[in-house]
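Everything below belongs to coords-v9.cif, which stores mmCIF, C-alpha atoms.
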```cif
data_run
#
loop_
_atom_site.label_atom_id
_atom_site.label_comp_id
_atom_site.auth_asym_id
_atom_site.auth_seq_id
_atom_site.Cartn_x
_atom_site.Cartn_y
_atom_site.Cartn_z
CA MET A 1 -148.77 196.40 -107.98
CA GLU A 2 -147.21 193.75 -110.20
CA PRO A 3 -143.49 193.05 -109.97
CA GLN A 4 -141.59 194.33 -112.98
CA GLN A 5 -138.05 193.90 -114.15
CA SER A 6 -135.87 196.84 -113.14
CA GLN A 7 -134.49 199.05 -115.87
CA PRO A 8 -130.73 199.07 -116.43
CA SER A 9 -129.00 202.44 -116.41
CA ASP A 10 -129.23 204.42 -119.64
CA PRO A 11 -126.90 202.99 -122.30
CA ALA A 12 -126.25 206.53 -123.56
CA SER A 13 -123.99 207.20 -120.57
CA GLU A 14 -120.53 208.47 -121.49
CA PRO A 15 -117.69 205.93 -121.31
CA GLU A 16 -116.07 205.85 -117.90
CA PRO A 17 -112.73 207.63 -117.38
CA PRO A 18 -109.37 205.89 -116.98
CA GLU A 19 -108.30 204.65 -113.57
CA LEU A 20 -106.92 207.43 -111.33
CA GLU A 21 -104.22 207.39 -108.72
CA MET A 22 -104.35 209.68 -105.74
CA HIS A 23 -101.61 211.84 -104.26
CA LYS A 24 -101.66 213.51 -100.83
CA ARG A 25 -99.88 216.62 -99.59
CA VAL A 26 -100.09 217.31 -95.87
CA VAL A 27 -99.72 220.94 -94.75
CA ARG A 28 -99.88 222.33 -91.21
CA MET A 29 -102.82 224.71 -90.90
CA PRO A 30 -102.30 228.36 -89.85
CA ASP A 31 -103.51 227.62 -86.31
CA GLY A 32 -100.50 225.29 -85.90
CA LYS A 33 -102.69 222.57 -84.43
CA ARG A 34 -104.34 220.82 -87.35
CA ASP A 35 -103.20 219.31 -90.64
CA MET A 36 -104.76 219.98 -94.01
CA ILE A 37 -104.55 217.24 -96.62
CA TYR A 38 -104.65 218.32 -100.27
CA PHE A 39 -105.67 215.47 -102.57
CA THR A 40 -104.67 215.49 -106.23
CA PHE A 41 -105.33 212.87 -108.89
CA ALA A 42 -103.60 211.68 -112.04
CA VAL A 43 -104.33 209.02 -114.63
CA LYS A 44 -102.81 205.75 -113.47
CA HIS A 45 -100.32 204.25 -115.89
CA VAL A 46 -100.27 200.49 -115.66
CA MET B 47 -116.20 221.52 -72.97
CA SER B 48 -116.72 218.14 -74.53
CA GLU B 49 -117.18 214.71 -73.01
CA LEU B 50 -119.09 211.48 -73.49
CA ARG B 51 -121.98 210.76 -71.15
CA PHE B 52 -123.56 207.33 -70.97
CA ASN B 53 -127.33 206.99 -71.28
CA PRO B 54 -128.28 204.06 -69.02
CA LEU B 55 -131.84 204.07 -70.38
CA LEU B 56 -130.80 203.33 -73.97
CA GLY B 57 -127.38 201.87 -73.32
CA ASP B 58 -125.51 204.28 -75.59
CA TRP B 59 -123.29 207.34 -75.47
CA LEU B 60 -123.91 210.98 -76.30
CA ALA B 61 -121.32 213.71 -76.78
CA THR B 62 -121.51 217.15 -75.22
CA ALA B 63 -119.74 219.76 -77.35
CA THR B 64 -120.52 223.19 -75.93
CA GLU B 65 -117.91 224.98 -78.06
CA ARG B 66 -119.96 224.17 -81.14
CA GLN B 67 -122.42 226.87 -80.03
CA GLU B 68 -119.81 229.37 -81.28
CA ARG B 69 -119.33 227.84 -84.76
CA THR B 70 -119.69 229.93 -87.89
CA PHE B 71 -123.35 230.26 -88.82
CA HIS B 72 -124.42 231.01 -92.42
CA PRO B 73 -121.65 233.52 -93.26
CA PRO B 74 -121.97 235.62 -96.46
CA PRO B 75 -120.14 234.01 -99.44
CA ASP B 76 -117.18 236.42 -99.18
CA TYR B 77 -116.55 235.19 -95.64
CA CYS B 78 -116.98 231.46 -96.21
CA PRO B 79 -114.30 229.60 -94.18
CA LEU B 80 -114.32 226.69 -96.66
CA CYS B 81 -113.52 228.70 -99.81
CA PRO B 82 -109.87 229.05 -100.90
CA THR B 83 -108.31 232.25 -99.52
CA LYS B 84 -108.43 234.96 -102.18
CA PRO B 85 -105.49 237.43 -102.45
CA GLY B 86 -106.23 240.35 -100.13
CA GLY B 87 -109.47 238.76 -99.07
CA PHE B 88 -110.85 237.08 -95.98
CA GLU B 89 -108.45 234.49 -94.55
CA SER B 90 -110.43 231.26 -94.77
CA GLU B 91 -109.54 227.83 -93.35
CA VAL B 92 -107.86 227.00 -96.70
CA PRO B 93 -104.76 229.18 -97.29
CA GLU B 94 -104.13 228.07 -100.88
CA PRO B 95 -105.80 229.77 -103.88
CA THR B 96 -107.50 226.60 -105.13
CA TYR B 97 -107.77 222.88 -104.51
CA ASP B 98 -109.33 219.72 -105.92
CA ILE B 99 -110.39 217.87 -102.74
CA VAL B 100 -109.23 218.83 -99.26
CA THR B 101 -109.74 217.32 -95.82
CA PHE B 102 -108.88 218.76 -92.41
CA GLU B 103 -109.96 218.46 -88.81
CA ASN B 104 -113.06 220.40 -87.82
CA LYS B 105 -112.39 223.68 -86.01
CA PHE B 106 -115.34 222.97 -83.72
CA PRO B 107 -115.12 219.20 -83.15
CA SER B 108 -117.35 216.94 -81.10
CA PHE B 109 -114.41 214.51 -80.76
CA ARG B 110 -110.68 215.24 -80.45
CA ARG B 111 -107.49 213.18 -80.73
CA ASP B 112 -106.40 214.61 -77.36
CA PRO B 113 -109.65 215.39 -75.59
CA PRO B 114 -109.88 217.30 -72.30
CA LYS B 115 -110.84 215.48 -69.14
CA PRO B 116 -114.60 215.34 -68.61
CA ALA B 117 -115.87 218.43 -66.85
CA ILE B 118 -117.97 216.34 -64.53
CA GLU B 119 -117.17 213.26 -62.49
CA GLY B 120 -118.84 210.02 -63.59
CA SER B 121 -120.45 207.35 -61.42
CA ASP B 122 -121.72 203.78 -61.65
CA LEU B 123 -125.08 205.06 -62.84
CA TYR B 124 -123.71 207.83 -65.04
CA PRO B 125 -120.36 206.86 -66.61
CA VAL B 126 -118.46 209.61 -68.42
CA ARG B 127 -115.33 209.43 -70.58
CA PRO B 128 -113.24 211.80 -72.69
CA ALA B 129 -114.64 212.46 -76.15
CA GLN B 130 -111.70 210.95 -77.96
CA GLY B 131 -112.02 210.63 -81.71
CA VAL B 132 -111.54 212.68 -84.87
CA CYS B 133 -113.92 214.99 -86.75
CA GLU B 134 -112.85 215.83 -90.29
CA VAL B 135 -114.31 218.09 -92.95
CA VAL B 136 -114.14 217.03 -96.62
CA LEU B 137 -114.34 219.85 -99.18
CA TYR B 138 -115.75 218.60 -102.48
CA SER B 139 -114.93 221.63 -104.63
CA PRO B 140 -113.41 225.13 -104.38
CA ASP B 141 -116.61 226.52 -105.97
CA HIS B 142 -118.75 227.93 -103.17
CA HIS B 143 -121.96 227.60 -105.17
CA ALA B 144 -121.41 224.01 -106.39
CA THR B 145 -123.32 221.01 -105.10
CA LEU B 146 -122.20 217.41 -105.26
CA ALA B 147 -125.05 216.63 -107.67
CA GLY B 148 -123.77 219.28 -110.10
CA LEU B 149 -120.17 218.08 -110.14
CA PRO B 150 -119.02 215.67 -112.88
CA ALA B 151 -118.99 211.96 -112.03
CA THR B 152 -115.19 212.10 -112.11
CA GLN B 153 -115.32 214.25 -108.98
CA PHE B 154 -117.41 211.56 -107.26
CA TYR B 155 -114.72 209.04 -108.26
CA LYS B 156 -112.04 211.27 -106.71
CA LEU B 157 -114.18 211.64 -103.60
CA ILE B 158 -114.50 207.85 -103.29
CA LEU B 159 -110.70 207.54 -103.46
CA THR B 160 -110.45 210.23 -100.76
CA TRP B 161 -113.06 208.57 -98.52
CA THR B 162 -111.24 205.24 -98.90
CA ASP B 163 -107.99 206.86 -97.79
CA ARG B 164 -109.61 208.50 -94.75
CA TYR B 165 -111.49 205.31 -93.80
CA ARG B 166 -108.21 203.39 -93.90
CA GLU B 167 -106.06 205.96 -92.09
CA LEU B 168 -108.53 206.96 -89.37
CA GLY B 169 -109.55 203.34 -88.86
CA GLN B 170 -105.94 202.47 -88.04
CA LEU B 171 -105.92 204.76 -84.99
CA ASP B 172 -106.08 202.57 -81.90
CA PHE B 173 -108.84 204.63 -80.26
CA VAL B 174 -111.09 204.61 -83.35
CA LYS B 175 -113.67 201.82 -83.56
CA TYR B 176 -115.88 203.20 -86.32
CA VAL B 177 -115.31 205.65 -89.20
CA PHE B 178 -118.55 207.29 -90.22
CA ILE B 179 -118.56 209.21 -93.51
CA PHE B 180 -121.58 211.42 -94.06
CA GLU B 181 -122.97 214.59 -95.60
CA ASN B 182 -125.66 216.89 -94.28
CA LYS B 183 -126.87 218.93 -97.22
CA GLY B 184 -129.23 221.90 -97.17
CA LYS B 185 -130.50 224.40 -94.65
CA GLU B 186 -133.47 222.08 -94.03
CA ILE B 187 -131.01 219.68 -92.35
CA GLY B 188 -129.48 222.47 -90.26
CA VAL B 189 -126.30 222.94 -92.28
CA THR B 190 -124.46 226.08 -91.11
CA LEU B 191 -122.05 226.36 -94.06
CA SER B 192 -123.44 226.04 -97.58
CA HIS B 193 -120.07 225.39 -99.26
CA PRO B 194 -120.17 221.83 -100.72
CA HIS B 195 -118.67 219.57 -98.09
CA GLY B 196 -119.12 216.39 -96.14
CA GLN B 197 -117.85 215.17 -92.82
CA ILE B 198 -116.14 212.18 -91.23
CA TYR B 199 -116.56 211.23 -87.58
CA ALA B 200 -114.09 208.68 -86.25
CA TYR B 201 -115.84 207.37 -83.13
CA PRO B 202 -114.28 205.59 -80.13
CA PHE B 203 -117.19 203.12 -80.19
CA ILE B 204 -119.57 201.58 -82.73
CA PRO B 205 -122.59 203.92 -82.96
CA PRO B 206 -126.04 202.50 -82.07
CA VAL B 207 -127.59 202.36 -85.55
CA ILE B 208 -124.62 200.37 -86.82
CA VAL B 209 -124.77 198.09 -83.76
CA LYS B 210 -128.40 197.33 -84.58
CA GLU B 211 -127.65 196.64 -88.26
CA LEU B 212 -124.73 194.40 -87.29
CA GLU B 213 -126.98 192.40 -84.97
CA GLN B 214 -129.66 191.99 -87.65
CA CYS B 215 -127.08 190.97 -90.27
CA PHE B 216 -125.56 188.46 -87.85
CA ARG B 217 -128.97 186.94 -87.03
CA HIS B 218 -129.87 186.68 -90.72
CA ARG B 219 -126.64 184.92 -91.55
CA GLU B 220 -127.04 182.52 -88.64
CA ALA B 221 -130.56 181.68 -89.79
CA SER B 222 -130.06 181.54 -93.56
CA GLY B 223 -126.34 181.35 -94.20
CA ASN B 224 -126.65 184.46 -96.36
CA CYS B 225 -125.69 188.12 -96.09
CA LEU B 226 -128.79 190.19 -95.29
CA LEU B 227 -127.88 193.08 -97.58
CA CYS B 228 -126.96 190.72 -100.44
CA ASP B 229 -130.41 189.15 -100.04
CA ILE B 230 -132.15 192.55 -99.91
CA LEU B 231 -130.47 193.81 -103.09
CA GLN B 232 -131.15 190.54 -104.89
CA ARG B 233 -134.83 190.74 -103.86
CA GLU B 234 -135.11 194.36 -105.01
CA ILE B 235 -133.51 193.62 -108.39
CA SER B 236 -135.72 190.60 -109.08
CA ASP B 237 -138.86 192.43 -107.93
CA GLY B 238 -138.02 195.71 -109.64
CA ARG B 239 -140.79 197.88 -108.19
CA ARG B 240 -138.50 199.80 -105.88
CA MET B 241 -135.38 199.97 -108.07
CA VAL B 242 -134.17 203.43 -109.08
CA VAL B 243 -131.05 202.58 -111.11
CA GLU B 244 -128.39 199.90 -111.29
CA ASN B 245 -125.07 199.21 -112.99
CA ASP B 246 -122.59 196.33 -113.07
CA SER B 247 -121.51 196.78 -109.45
CA PHE B 248 -124.26 198.61 -107.54
CA GLY B 249 -128.01 198.91 -107.19
CA ALA B 250 -129.97 201.93 -105.90
CA TYR B 251 -133.46 201.32 -104.53
CA VAL B 252 -136.10 202.80 -102.26
CA PRO B 253 -136.15 200.19 -99.49
CA PHE B 254 -139.34 198.23 -98.84
CA PHE B 255 -139.03 199.58 -95.29
CA ALA B 256 -138.30 203.22 -96.26
CA ARG B 257 -138.81 205.65 -93.37
CA TRP B 258 -138.39 208.82 -95.46
CA PRO B 259 -140.42 209.51 -98.63
CA TYR B 260 -137.39 209.62 -100.93
CA GLU B 261 -135.07 207.38 -98.94
CA VAL B 262 -132.69 205.46 -101.20
CA HIS B 263 -130.06 202.86 -100.40
CA ILE B 264 -127.12 202.11 -102.68
CA SER B 265 -125.69 198.66 -102.12
CA SER B 266 -122.83 196.75 -103.72
CA LYS B 267 -123.75 193.73 -105.84
CA ARG B 268 -120.72 191.79 -104.70
CA HIS B 269 -120.34 191.10 -101.01
CA ARG B 270 -118.08 193.91 -99.79
CA THR B 271 -117.77 194.91 -96.15
CA SER B 272 -116.03 198.24 -96.76
CA MET B 273 -114.63 200.57 -99.40
CA LEU B 274 -111.21 199.00 -98.90
CA GLU B 275 -112.43 195.96 -100.88
CA PHE B 276 -113.52 197.87 -103.99
CA ASN B 277 -111.58 197.48 -107.22
CA ALA B 278 -111.21 200.36 -109.69
CA LYS B 279 -114.27 199.26 -111.67
CA GLU B 280 -116.40 199.28 -108.52
CA GLN B 281 -115.08 202.70 -107.49
CA ARG B 282 -116.14 204.16 -110.84
CA ASP B 283 -119.48 202.34 -110.81
CA LEU B 284 -120.19 203.75 -107.36
CA ALA B 285 -119.32 207.24 -108.62
CA ALA B 286 -121.66 206.78 -111.59
CA ILE B 287 -124.65 205.56 -109.60
CA MET B 288 -124.24 208.25 -106.93
CA LYS B 289 -124.16 210.93 -109.64
CA GLN B 290 -127.29 209.49 -111.26
CA LEU B 291 -129.16 209.35 -107.98
CA LEU B 292 -128.31 212.91 -106.93
CA VAL B 293 -129.26 214.28 -110.35
CA ALA B 294 -132.58 212.42 -110.09
CA TYR B 295 -133.10 213.88 -106.61
CA ASP B 296 -132.66 217.42 -107.94
CA GLY B 297 -135.30 216.68 -110.57
CA VAL B 298 -137.99 215.72 -108.05
CA PHE B 299 -138.89 219.29 -107.07
CA ASN B 300 -136.73 221.06 -109.67
CA LYS B 301 -134.48 222.36 -106.94
CA SER B 302 -131.39 221.23 -105.09
CA MET B 303 -132.59 218.36 -102.89
CA PRO B 304 -131.53 218.45 -99.24
CA TYR B 305 -130.48 215.12 -97.78
CA MET B 306 -128.48 213.25 -95.19
CA MET B 307 -126.04 210.83 -96.82
CA ASN B 308 -124.75 208.08 -94.53
CA ILE B 309 -122.09 205.55 -95.49
CA HIS B 310 -122.40 202.30 -93.56
CA GLN B 311 -119.46 199.90 -93.60
CA ALA B 312 -117.52 197.60 -91.31
CA PRO B 313 -116.26 198.86 -87.94
CA THR B 314 -112.50 199.31 -87.57
CA ASP B 315 -112.04 197.72 -84.15
CA GLY B 316 -110.08 194.77 -85.50
CA LEU B 317 -112.87 192.20 -85.22
CA PRO B 318 -114.22 190.28 -88.25
CA TYR B 319 -117.41 191.66 -89.82
CA ASP B 320 -117.93 189.41 -92.83
CA HIS B 321 -121.67 189.36 -92.05
CA TYR B 322 -121.90 193.12 -92.72
CA HIS B 323 -122.15 194.77 -96.14
CA PHE B 324 -121.17 198.18 -97.54
CA HIS B 325 -124.09 200.43 -98.38
CA ILE B 326 -125.05 204.12 -98.46
CA GLU B 327 -128.33 205.42 -97.06
CA PHE B 328 -129.79 208.72 -98.28
CA TYR B 329 -132.52 210.44 -96.27
CA PRO B 330 -133.99 213.52 -97.98
CA PRO B 331 -136.22 215.31 -95.44
CA LEU B 332 -138.72 216.75 -97.96
CA ARG B 333 -142.05 215.03 -98.58
CA GLN B 334 -143.26 217.82 -100.89
CA ALA B 335 -141.44 220.78 -102.44
CA ASP B 336 -142.18 223.00 -99.45
CA LYS B 337 -143.03 220.47 -96.74
CA LEU B 338 -140.64 218.69 -94.44
CA LYS B 339 -141.00 215.23 -92.97
CA TYR B 340 -140.51 216.07 -89.29
CA LEU B 341 -139.22 213.60 -86.77
CA ALA B 342 -141.95 214.22 -84.21
CA GLY B 343 -143.31 212.35 -81.18
CA SER B 344 -143.67 208.87 -82.67
CA GLU B 345 -140.34 208.95 -84.53
CA THR B 346 -138.27 210.67 -81.84
CA GLY B 347 -140.05 209.63 -78.67
CA ALA B 348 -140.84 206.04 -79.60
CA GLY B 349 -138.47 205.30 -82.49
CA MET B 350 -141.46 204.38 -84.66
CA PHE B 351 -141.38 205.97 -88.11
CA ILE B 352 -144.53 206.79 -90.05
CA ASN B 353 -144.01 207.28 -93.78
CA ASP B 354 -146.79 209.17 -95.58
CA THR B 355 -145.79 207.68 -98.94
CA LEU B 356 -145.34 204.33 -100.69
CA ALA B 357 -141.83 203.19 -101.56
CA GLU B 358 -143.03 201.77 -104.89
CA GLU B 359 -144.48 205.11 -106.04
CA LYS B 360 -141.44 207.13 -104.98
CA ALA B 361 -139.08 204.67 -106.69
CA ALA B 362 -141.02 205.02 -109.96
CA GLU B 363 -140.85 208.81 -109.62
CA LEU B 364 -137.08 208.73 -109.13
CA GLN B 365 -136.49 206.09 -111.84
CA ALA B 366 -138.16 208.36 -114.41
CA LEU B 367 -135.68 211.11 -113.52
CA VAL B 368 -132.50 209.06 -113.97
CA LYS B 369 -130.23 210.47 -116.67
CA PRO B 370 -127.13 209.13 -118.44
CA VAL B 371 -123.88 209.56 -116.56
CA GLN B 372 -121.70 212.52 -117.51
CA TRP B 373 -118.09 212.12 -116.52
#
```

What is this structure when it is put down as structure tokens?
Amino acid sequence: MEPQQSQPSDPASEPEPPELEMHKRVVRMPDGKRDMIYFTFAVKHV
Amino acid sequence: MSELRFNPLLGDWLATATERQERTFHPPPDYCPLCPTKPGGFESEVPEPTYDIVTFENKFPSFRRDPPKPAIEGSDLYPVRPAQGVCEVVLYSPDHHATLAGLPATQFYKLILTWTDRYRELGQLDFVKYVFIFENKGKEIGVTLSHPHGQIYAYPFIPPVIVKELEQCFRHREASGNCLLCDILQREISDGRRMVVENDSFGAYVPFFARWPYEVHISSKRHRTSMLEFNAKEQRDLAAIMKQLLVAYDGVFNKSMPYMMNIHQAPTDGLPYDHYHFHIEFYPPLRQADKLKYLAGSETGAGMFINDTLAEEKAAELQALVKPVQW
């Protein structure tokens, strides 16, 4: 097999989204022993 | 009971976790413990009616923050120690029937932000030496809950596969002055025969040394030892290339592809690991639509893999299935 130049990803890809920032909310689980972390995301304003 | 037992033959540890025998096994969708709790319905692990991404400690862990004492006394020949560590579950979506491949690339981006947070936070625990982020997908792998989720094991030691990679990377740098994984990705890009897809920050390729028919590694183009070093552009580029790879996987047999996804990055024991390099290894167990690649005598008993396929042919197959990214 002859080496060939790799193909770049398809240029028809949609433009990438804006940068996100992450928020965490920690809640004690019903068993009282473990924590649940809810992650939410919002557009980062710079 | 759970404890760590040392294997003097191989020089590594194994965990016993007998409680895991009792874990939930393929429940019907209405009784899935990873779905949000519906009003008047089965009380799942997640009390809220919906979520975006959630993490929590596994109900049936192999490692615990406060582990019990070992059930058996150790000795010089057979050391034992408490199975101290953390096992977390990461829920990708509230939709029981979703798969990661079917979610928009934005959800991958959110997942990467979540993984980065968990890698940082768990890695800061003094008893955690390695944070291993992974996903077992599909009944072929032995998954007991089909809800889309991954896992994180925070180990009290560096696991043996990572130890071996660290040693190889160290030797390569001593001999050549270069990072082994930087050299591998550069070689794959210039050769091209095993490339699946690439973007500005990452390349995905079937490794020259693939052990599984559709094994793919995603590696960062810049030298990065962990997710903590990614900028926002790299986080989105990783999301994009992961989405493209998983969509291509689902196209191979026109069905949801089972796989093991393993994220390899620097240990968190406080030592420098500049010779190591962030990458993700995917091992799909199928060699044909209805045939599994089994880890049999040679692979399991001798550690010698036999791959029935050629990496170059499988890479071409996957490359033809790559689609544009949908965010």

Please build the interface table for chain B against chain A with a cut-off of 7 Å, listing for each qualifying residue the nearest atom pair and the distance in Å to one decimal; count all atoms listed in the file, order rows by chain and increasing number, and write it as a Markdown table.
```
| residue | atom | partner | partner_atom | distance |
| --- | --- | --- | --- | --- |
| B:Tyr97 | CA | A:Tyr38 | CA | 7.0 |
| B:Asp98 | CA | A:Thr40 | CA | 6.3 |
| B:Ile99 | CA | A:Phe39 | CA | 5.3 |
| B:Val100 | CA | A:Tyr38 | CA | 4.7 |
| B:Thr101 | CA | A:Ile37 | CA | 5.3 |
| B:Phe102 | CA | A:Met36 | CA | 4.6 |
| B:Glu103 | CA | A:Arg34 | CA | 6.3 |
| B:Ile235 | CA | A:Ser6 | CA | 6.2 |
| B:Ser236 | CA | A:Gln5 | CA | 6.5 |
| B:Asp237 | CA | A:Pro3 | CA | 5.1 |
| B:Gly238 | CA | A:Ser6 | CA | 4.3 |
| B:Arg239 | CA | A:Pro3 | CA | 5.8 |
| B:Met241 | CA | A:Ser6 | CA | 6.0 |
| B:Val243 | CA | A:Ser9 | CA | 5.7 |
| B:Glu244 | CA | A:Pro8 | CA | 5.7 |
| B:Asn245 | CA | A:Ser9 | CA | 6.1 |
| B:Ala278 | CA | A:Glu19 | CA | 6.5 |
| B:Lys369 | CA | A:Asp10 | CA | 6.8 |
| B:Pro370 | CA | A:Ser13 | CA | 4.3 |
| B:Val371 | CA | A:Ser13 | CA | 4.7 |
| B:Gln372 | CA | A:Glu14 | CA | 5.8 |
| B:Trp373 | CA | A:Glu14 | CA | 6.6 |
```

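Note that the spacing between atom CA of B:Asp320 and atom CA of B:Asp246 amounts to 21.9 Å.
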
- Query: Could you pull the residues within 6 Å of stretch 302-311 of chain B, counting only C-alpha atoms, minus those fewer than 6 positions along the same chain, as a ChimeraX atom specification?
  - Reply: /B:179-184,271-272,295-296,324-330

- Task: Work out how far apart atom CA of B:Leu291 and atom CA of B:Leu367 are and give it in Å to one decimal.
- Result: 8.7 Å

- Write out as a list in words which residues come within 12 Å of B:His193 when counting all atoms listed in the file, dropping same-chain ones fewer than 5 positions away. Phe71, His72, Pro73, Pro74, Pro75, Asp76, Tyr77, Cys78, Pro79, Leu80, Cys81, Pro82, Val135, Val136, Leu137, Tyr138, Ser139, Pro140, Asp141, His142, His143, Ala144, Thr145, Leu146, Glu181, Asn182, Lys183, Gly184 and Lys185 of chain B

- Message: The residues within 10 Å of (-135.0, 198.5, -105.4), using only C-alpha atoms and the coordinates of the file, should be reported as number ranges by chain; which are they?
- Response: A: 6; B: 230-244, 249-254, 262-265, 357-358, 361-362

Could the residues in this selection be written to a file with C-alpha atoms, as a PDB file, in the frame of the given file?
```
ATOM      1  CA  SER A   6    -135.870 196.840-113.140  1.00  0.00           C
TER       2      SER A   6
ATOM      3  CA  ILE B 230    -132.150 192.550 -99.910  1.00  0.00           C
ATOM      4  CA  LEU B 231    -130.470 193.810-103.090  1.00  0.00           C
ATOM      5  CA  GLN B 232    -131.150 190.540-104.890  1.00  0.00           C
ATOM      6  CA  ARG B 233    -134.830 190.740-103.860  1.00  0.00           C
ATOM      7  CA  GLU B 234    -135.110 194.360-105.010  1.00  0.00           C
ATOM      8  CA  ILE B 235    -133.510 193.620-108.390  1.00  0.00           C
ATOM      9  CA  SER B 236    -135.720 190.600-109.080  1.00  0.00           C
ATOM     10  CA  ASP B 237    -138.860 192.430-107.930  1.00  0.00           C
ATOM     11  CA  GLY B 238    -138.020 195.710-109.640  1.00  0.00           C
ATOM     12  CA  ARG B 239    -140.790 197.880-108.190  1.00  0.00           C
ATOM     13  CA  ARG B 240    -138.500 199.800-105.880  1.00  0.00           C
ATOM     14  CA  MET B 241    -135.380 199.970-108.070  1.00  0.00           C
ATOM     15  CA  VAL B 242    -134.170 203.430-109.080  1.00  0.00           C
ATOM     16  CA  VAL B 243    -131.050 202.580-111.110  1.00  0.00           C
ATOM     17  CA  GLU B 244    -128.390 199.900-111.290  1.00  0.00           C
ATOM     18  CA  GLY B 249    -128.010 198.910-107.190  1.00  0.00           C
ATOM     19  CA  ALA B 250    -129.970 201.930-105.900  1.00  0.00           C
ATOM     20  CA  TYR B 251    -133.460 201.320-104.530  1.00  0.00           C
ATOM     21  CA  VAL B 252    -136.100 202.800-102.260  1.00  0.00           C
ATOM     22  CA  PRO B 253    -136.150 200.190 -99.490  1.00  0.00           C
ATOM     23  CA  PHE B 254    -139.340 198.230 -98.840  1.00  0.00           C
ATOM     24  CA  VAL B 262    -132.690 205.460-101.200  1.00  0.00           C
ATOM     25  CA  HIS B 263    -130.060 202.860-100.400  1.00  0.00           C
ATOM     26  CA  ILE B 264    -127.120 202.110-102.680  1.00  0.00           C
ATOM     27  CA  SER B 265    -125.690 198.660-102.120  1.00  0.00           C
ATOM     28  CA  ALA B 357    -141.830 203.190-101.560  1.00  0.00           C
ATOM     29  CA  GLU B 358    -143.030 201.770-104.890  1.00  0.00           C
ATOM     30  CA  ALA B 361    -139.080 204.670-106.690  1.00  0.00           C
ATOM     31  CA  ALA B 362    -141.020 205.020-109.960  1.00  0.00           C
TER      32      ALA B 362
END
```

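If you apply the PyMOL selection byres ((chain B and resi 171) around 12) to this structure, you end up with Arg111, Gln130, Gly131, Val132, Arg164, Tyr165, Arg166, Glu167, Leu168, Gly169, Gln170, Asp172, Phe173, Val174, Lys175, Tyr176, Val177, Ala200, Tyr201, Pro202, Thr314, Asp315 and Gly316 of chain B.
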
- Message: So that I can see what lies close to stretch 333-345 of chain B, please list as a VMD selection string the residues with an atom at most 9 Å from it, counting only C-alpha atoms and leaving out residues fewer than 2 positions away in the same chain.
- Response: chain B and resid 186 258 to 260 298 to 301 330 to 331 347 to 355

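The space separating atom CA of B:Phe248 from atom CA of B:Tyr155 comes to 14.2 Å.
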
- Message: Assuming the chain letters and numbering stay as they are in my file, what does the PyMOL selection byres ((chain B and resi 285) around 8) actually select? List them as a count of residues only.
- Response: 13
